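Asker: entry_19.txt is the file, holding compact mmCIF, N, CA and C atoms:
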# COMPACT_ATOMS: atom_id res chain seq x y z
N MET Z 28 3.35 -13.37 4.22
CA MET Z 28 3.34 -11.95 4.49
C MET Z 28 1.96 -11.42 4.10
N LYS Z 29 1.39 -10.59 4.98
CA LYS Z 29 0.10 -9.96 4.69
C LYS Z 29 0.30 -8.45 4.61
N VAL Z 30 -0.13 -7.88 3.50
CA VAL Z 30 -0.04 -6.44 3.28
C VAL Z 30 -1.45 -5.87 3.25
N THR Z 31 -1.67 -4.84 4.03
CA THR Z 31 -2.94 -4.14 4.05
C THR Z 31 -2.72 -2.75 3.49
N ILE Z 32 -3.49 -2.41 2.46
CA ILE Z 32 -3.42 -1.09 1.86
C ILE Z 32 -4.74 -0.39 2.16
N GLU Z 33 -4.68 0.61 2.99
CA GLU Z 33 -5.85 1.41 3.33
C GLU Z 33 -5.86 2.62 2.41
N TYR Z 34 -6.92 2.78 1.65
CA TYR Z 34 -6.98 3.87 0.67
C TYR Z 34 -8.28 4.66 0.84
N CYS Z 35 -8.25 5.92 0.50
CA CYS Z 35 -9.43 6.77 0.60
C CYS Z 35 -10.39 6.45 -0.54
N GLY Z 36 -11.57 5.95 -0.19
CA GLY Z 36 -12.56 5.59 -1.18
C GLY Z 36 -13.27 6.79 -1.78
N GLY Z 37 -13.25 7.91 -1.09
CA GLY Z 37 -13.85 9.13 -1.61
C GLY Z 37 -12.92 9.89 -2.54
N CYS Z 38 -11.67 9.46 -2.58
CA CYS Z 38 -10.65 10.04 -3.45
C CYS Z 38 -10.40 9.04 -4.58
N PRO Z 39 -9.75 9.47 -5.65
CA PRO Z 39 -9.46 8.53 -6.73
C PRO Z 39 -8.20 7.70 -6.47
N TYR Z 40 -8.11 7.04 -5.30
CA TYR Z 40 -6.90 6.33 -4.89
C TYR Z 40 -6.94 4.83 -5.18
N LEU Z 41 -8.08 4.30 -5.59
CA LEU Z 41 -8.17 2.87 -5.85
C LEU Z 41 -7.19 2.41 -6.94
N PRO Z 42 -7.00 3.16 -8.04
CA PRO Z 42 -6.01 2.71 -9.03
C PRO Z 42 -4.59 2.59 -8.45
N GLN Z 43 -4.18 3.52 -7.59
CA GLN Z 43 -2.86 3.42 -6.96
C GLN Z 43 -2.78 2.20 -6.05
N ALA Z 44 -3.86 1.93 -5.32
CA ALA Z 44 -3.87 0.76 -4.44
C ALA Z 44 -3.77 -0.53 -5.25
N ASN Z 45 -4.51 -0.62 -6.34
CA ASN Z 45 -4.44 -1.80 -7.20
C ASN Z 45 -3.06 -1.96 -7.83
N ALA Z 46 -2.48 -0.86 -8.30
CA ALA Z 46 -1.15 -0.92 -8.90
C ALA Z 46 -0.11 -1.39 -7.89
N LEU Z 47 -0.21 -0.89 -6.66
CA LEU Z 47 0.73 -1.31 -5.62
C LEU Z 47 0.54 -2.78 -5.29
N ALA Z 48 -0.70 -3.23 -5.23
CA ALA Z 48 -0.97 -4.65 -4.96
C ALA Z 48 -0.32 -5.52 -6.05
N CYS Z 49 -0.46 -5.13 -7.31
CA CYS Z 49 0.16 -5.88 -8.41
C CYS Z 49 1.68 -5.87 -8.31
N GLU Z 50 2.24 -4.71 -7.99
CA GLU Z 50 3.69 -4.59 -7.84
C GLU Z 50 4.21 -5.51 -6.75
N LEU Z 51 3.52 -5.56 -5.63
CA LEU Z 51 3.96 -6.41 -4.53
C LEU Z 51 3.82 -7.89 -4.87
N LYS Z 52 2.75 -8.26 -5.56
CA LYS Z 52 2.58 -9.66 -5.97
C LYS Z 52 3.64 -10.07 -6.98
N GLU Z 53 3.99 -9.17 -7.90
CA GLU Z 53 5.07 -9.46 -8.87
C GLU Z 53 6.40 -9.66 -8.16
N THR Z 54 6.66 -8.83 -7.17
CA THR Z 54 7.95 -8.85 -6.47
C THR Z 54 8.07 -10.03 -5.51
N PHE Z 55 7.03 -10.28 -4.72
CA PHE Z 55 7.12 -11.26 -3.65
C PHE Z 55 6.38 -12.56 -3.91
N GLY Z 56 5.60 -12.60 -4.99
CA GLY Z 56 4.89 -13.84 -5.31
C GLY Z 56 3.74 -14.12 -4.37
N ASP Z 57 3.96 -14.98 -3.41
CA ASP Z 57 2.89 -15.44 -2.52
C ASP Z 57 2.69 -14.46 -1.36
N VAL Z 58 2.13 -13.30 -1.69
CA VAL Z 58 1.84 -12.29 -0.68
C VAL Z 58 0.33 -12.09 -0.66
N GLU Z 59 -0.23 -11.95 0.53
CA GLU Z 59 -1.66 -11.69 0.67
C GLU Z 59 -1.84 -10.18 0.78
N VAL Z 60 -2.60 -9.60 -0.15
CA VAL Z 60 -2.83 -8.16 -0.15
C VAL Z 60 -4.32 -7.91 0.09
N GLU Z 61 -4.60 -7.08 1.08
CA GLU Z 61 -5.98 -6.70 1.39
C GLU Z 61 -6.12 -5.20 1.16
N LEU Z 62 -7.11 -4.81 0.35
CA LEU Z 62 -7.42 -3.41 0.13
C LEU Z 62 -8.55 -3.03 1.06
N VAL Z 63 -8.37 -1.96 1.82
CA VAL Z 63 -9.35 -1.51 2.79
C VAL Z 63 -9.77 -0.09 2.45
N ARG Z 64 -11.04 0.06 2.11
CA ARG Z 64 -11.57 1.38 1.78
C ARG Z 64 -11.68 2.21 3.05
N SER Z 65 -11.23 3.46 2.97
CA SER Z 65 -11.22 4.34 4.13
C SER Z 65 -11.65 5.74 3.68
N THR Z 66 -11.36 6.73 4.49
CA THR Z 66 -11.71 8.12 4.19
C THR Z 66 -10.56 9.04 4.57
N GLY Z 67 -10.75 10.32 4.35
CA GLY Z 67 -9.80 11.31 4.85
C GLY Z 67 -8.48 11.39 4.12
N GLY Z 68 -8.42 10.96 2.87
CA GLY Z 68 -7.18 11.05 2.12
C GLY Z 68 -6.15 9.99 2.47
N ALA Z 69 -6.60 8.92 3.10
CA ALA Z 69 -5.67 7.87 3.56
C ALA Z 69 -5.06 7.09 2.41
N PHE Z 70 -3.80 6.75 2.55
CA PHE Z 70 -3.12 5.75 1.73
C PHE Z 70 -2.02 5.21 2.63
N GLU Z 71 -2.40 4.27 3.47
CA GLU Z 71 -1.52 3.73 4.51
C GLU Z 71 -1.23 2.27 4.20
N VAL Z 72 0.01 1.85 4.33
CA VAL Z 72 0.40 0.48 4.00
C VAL Z 72 1.00 -0.19 5.24
N GLN Z 73 0.42 -1.33 5.59
CA GLN Z 73 0.93 -2.12 6.71
C GLN Z 73 1.38 -3.49 6.21
N VAL Z 74 2.45 -3.98 6.80
CA VAL Z 74 2.94 -5.32 6.51
C VAL Z 74 2.92 -6.08 7.83
N ASP Z 75 2.13 -7.14 7.86
CA ASP Z 75 1.96 -7.95 9.07
C ASP Z 75 1.66 -7.07 10.29
N GLY Z 76 0.79 -6.06 10.08
CA GLY Z 76 0.35 -5.21 11.18
C GLY Z 76 1.24 -4.03 11.49
N GLN Z 77 2.39 -3.92 10.82
CA GLN Z 77 3.33 -2.82 11.07
C GLN Z 77 3.21 -1.78 9.96
N LEU Z 78 3.02 -0.52 10.30
CA LEU Z 78 2.94 0.55 9.33
C LEU Z 78 4.29 0.76 8.66
N VAL Z 79 4.33 0.65 7.31
CA VAL Z 79 5.59 0.85 6.59
C VAL Z 79 5.55 2.07 5.68
N PHE Z 80 4.34 2.57 5.39
CA PHE Z 80 4.22 3.78 4.59
C PHE Z 80 2.94 4.49 4.94
N SER Z 81 3.02 5.82 5.05
CA SER Z 81 1.86 6.64 5.35
C SER Z 81 1.84 7.87 4.45
N LYS Z 82 0.82 7.97 3.61
CA LYS Z 82 0.67 9.16 2.79
C LYS Z 82 0.35 10.36 3.67
N LYS Z 83 -0.38 10.13 4.75
CA LYS Z 83 -0.70 11.23 5.66
C LYS Z 83 0.57 11.84 6.25
N ALA Z 84 1.52 11.00 6.61
CA ALA Z 84 2.77 11.49 7.21
C ALA Z 84 3.72 12.06 6.16
N SER Z 85 3.81 11.39 5.00
CA SER Z 85 4.80 11.80 3.99
C SER Z 85 4.25 12.82 3.01
N LYS Z 86 2.91 12.96 2.95
CA LYS Z 86 2.25 13.90 2.03
C LYS Z 86 2.46 13.55 0.56
N ARG Z 87 2.65 12.24 0.28
CA ARG Z 87 2.86 11.79 -1.10
C ARG Z 87 2.52 10.31 -1.20
N PHE Z 88 2.39 9.85 -2.44
CA PHE Z 88 2.22 8.41 -2.68
C PHE Z 88 3.59 7.77 -2.75
N PRO Z 89 3.68 6.47 -2.50
CA PRO Z 89 4.98 5.81 -2.63
C PRO Z 89 5.40 5.78 -4.10
N ALA Z 90 6.68 5.94 -4.33
CA ALA Z 90 7.24 5.86 -5.68
C ALA Z 90 7.26 4.40 -6.13
N TYR Z 91 7.32 4.21 -7.44
CA TYR Z 91 7.41 2.86 -7.99
C TYR Z 91 8.64 2.17 -7.40
N ARG Z 92 8.46 0.96 -6.94
CA ARG Z 92 9.50 0.09 -6.34
C ARG Z 92 9.92 0.52 -4.94
N GLU Z 93 9.35 1.60 -4.40
CA GLU Z 93 9.72 2.05 -3.06
C GLU Z 93 9.27 1.06 -1.99
N LEU Z 94 8.03 0.58 -2.07
CA LEU Z 94 7.52 -0.33 -1.05
C LEU Z 94 8.25 -1.66 -1.02
N PRO Z 95 8.52 -2.31 -2.18
CA PRO Z 95 9.31 -3.53 -2.10
C PRO Z 95 10.68 -3.31 -1.45
N GLN Z 96 11.29 -2.14 -1.69
CA GLN Z 96 12.57 -1.85 -1.07
C GLN Z 96 12.41 -1.64 0.43
N LEU Z 97 11.34 -0.96 0.85
CA LEU Z 97 11.11 -0.76 2.29
C LEU Z 97 10.85 -2.07 3.01
N ILE Z 98 10.10 -2.95 2.34
CA ILE Z 98 9.78 -4.24 2.93
C ILE Z 98 11.02 -5.11 2.96
N GLY Z 99 11.79 -5.08 1.87
CA GLY Z 99 13.09 -5.74 1.80
C GLY Z 99 13.13 -7.23 2.02
N MET Z 100 12.10 -7.94 1.60
CA MET Z 100 12.11 -9.39 1.80
C MET Z 100 12.50 -10.08 0.53
What is this file in structure tokens?
Answerer:
Amino acid sequence: MKVTIEYCGGCPYLPQANALACELKETFGDVEVELVRSTGGAFEVQVDGQLVFSKKASKRFPAYRELPQLIGM
């Protein structure tokens, strides 16, 4: 499984992206996580190319354990 976390580099979102990457690695073990610096307040999460969470759409960050539940593997 490949997870891509696109985060706004001009915002202080890198700690959230790193925390989510650690959470996913703890939960799923052998998961490939790529952090992609972006702009515009982005915090978008894709799993194998499919968007599973969008801060732009939801207007919030994912809650702790929310992404592993959404991914459900």
Asker: Can you list, as a PyMOL selection string, every protein, DNA or RNA residue that comes within 5 Å of range 71-85 of chain Z when you count only N, CA and C atoms, leaving out same-chain residues fewer than 6 positions away?
Answerer: chain Z and resi 29-33
Asker: If I take atom C of Ala69 in chain Z and atom C of Cys35 in chain Z, how far is one from the other in Å, to one decimal?
Answerer: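 Distance reported for this atom pair: 6.1 Å.
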Asker: So the first atom is atom C of Gly99 in chain Z and the second is CA of Pro42 in chain Z; what is the distance between them in Å, to one decimal place?
Answerer: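 That distance, rounded to one decimal, is 24.2 Å.
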Asker: Can you tell me how far atom C of Ser65 in chain Z sits from CA of Gln96 in chain Z, in Å to one decimal?
Answerer: 25.8 Å
Asker: Within 6.5 Å of Ala48 in chain Z, counting all atoms listed in the file, which residues qualify if same-chain residues fewer than 5 places away don't, as a ChimeraX atom specification?
Answerer: /Z:43,53,60
Asker: Would you put the residues from that selection into a file with N, CA and C atoms, as a PDB file, in the frame of the given file?
Answerer:
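Final output, again_19.pdb:
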ATOM      1  N   GLN Z  43      -4.180   3.520  -7.590  1.00  0.00           N
ATOM      2  CA  GLN Z  43      -2.860   3.420  -6.960  1.00  0.00           C
ATOM      3  C   GLN Z  43      -2.780   2.200  -6.050  1.00  0.00           C
ATOM      4  N   GLU Z  53       3.990  -9.170  -7.900  1.00  0.00           N
ATOM      5  CA  GLU Z  53       5.070  -9.460  -8.870  1.00  0.00           C
ATOM      6  C   GLU Z  53       6.400  -9.660  -8.160  1.00  0.00           C
ATOM      7  N   VAL Z  60      -2.600  -9.600  -0.150  1.00  0.00           N
ATOM      8  CA  VAL Z  60      -2.830  -8.160  -0.150  1.00  0.00           C
ATOM      9  C   VAL Z  60      -4.320  -7.910   0.090  1.00  0.00           C
TER      10      VAL Z  60
END
Asker: When DSSP is applied to the backbone of this structure, which of chain Z are assigned strand (DSSP E or B)? Write them out as a ChimeraX atom specification.
Answerer: /Z:29-35,59-65,70-74,77-81
Asker: Report as a ChimeraX atom specification: the residues of chain Z with a DSSP assignment of helix (DSSP H, G or I), based on the backbone of this structure.
Answerer: /Z:41-55,82-85,93-98
Asker: Using only N, CA and C atoms, which of the listed residues (Z:Cys49, Z:Leu94, Z:Met28, Z:Ala44) sits closest to Leu62 in chain Z?
Answerer: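 When distances to Leu62 in chain Z are compared using only N, CA and C atoms, the smallest one comes from Z:Ala44.
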Asker: Counting only N, CA and C atoms, figure out which residue out of Z:Gly68, Z:Arg87, Z:Glu93, Z:Ile98 gets nearest to Gly36 in chain Z.
Answerer: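 Ranked by minimum distance to Gly36 in chain Z, first place goes to Z:Gly68.
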Asker: Using all atoms listed in the file for the distances, tell me which of Z:Glu59, Z:Phe70, Z:Arg64, Z:Glu50 is nearest to Arg92 in chain Z.
Answerer: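 Using all atoms listed in the file, the shortest distance to Arg92 in chain Z belongs to Z:Glu50.
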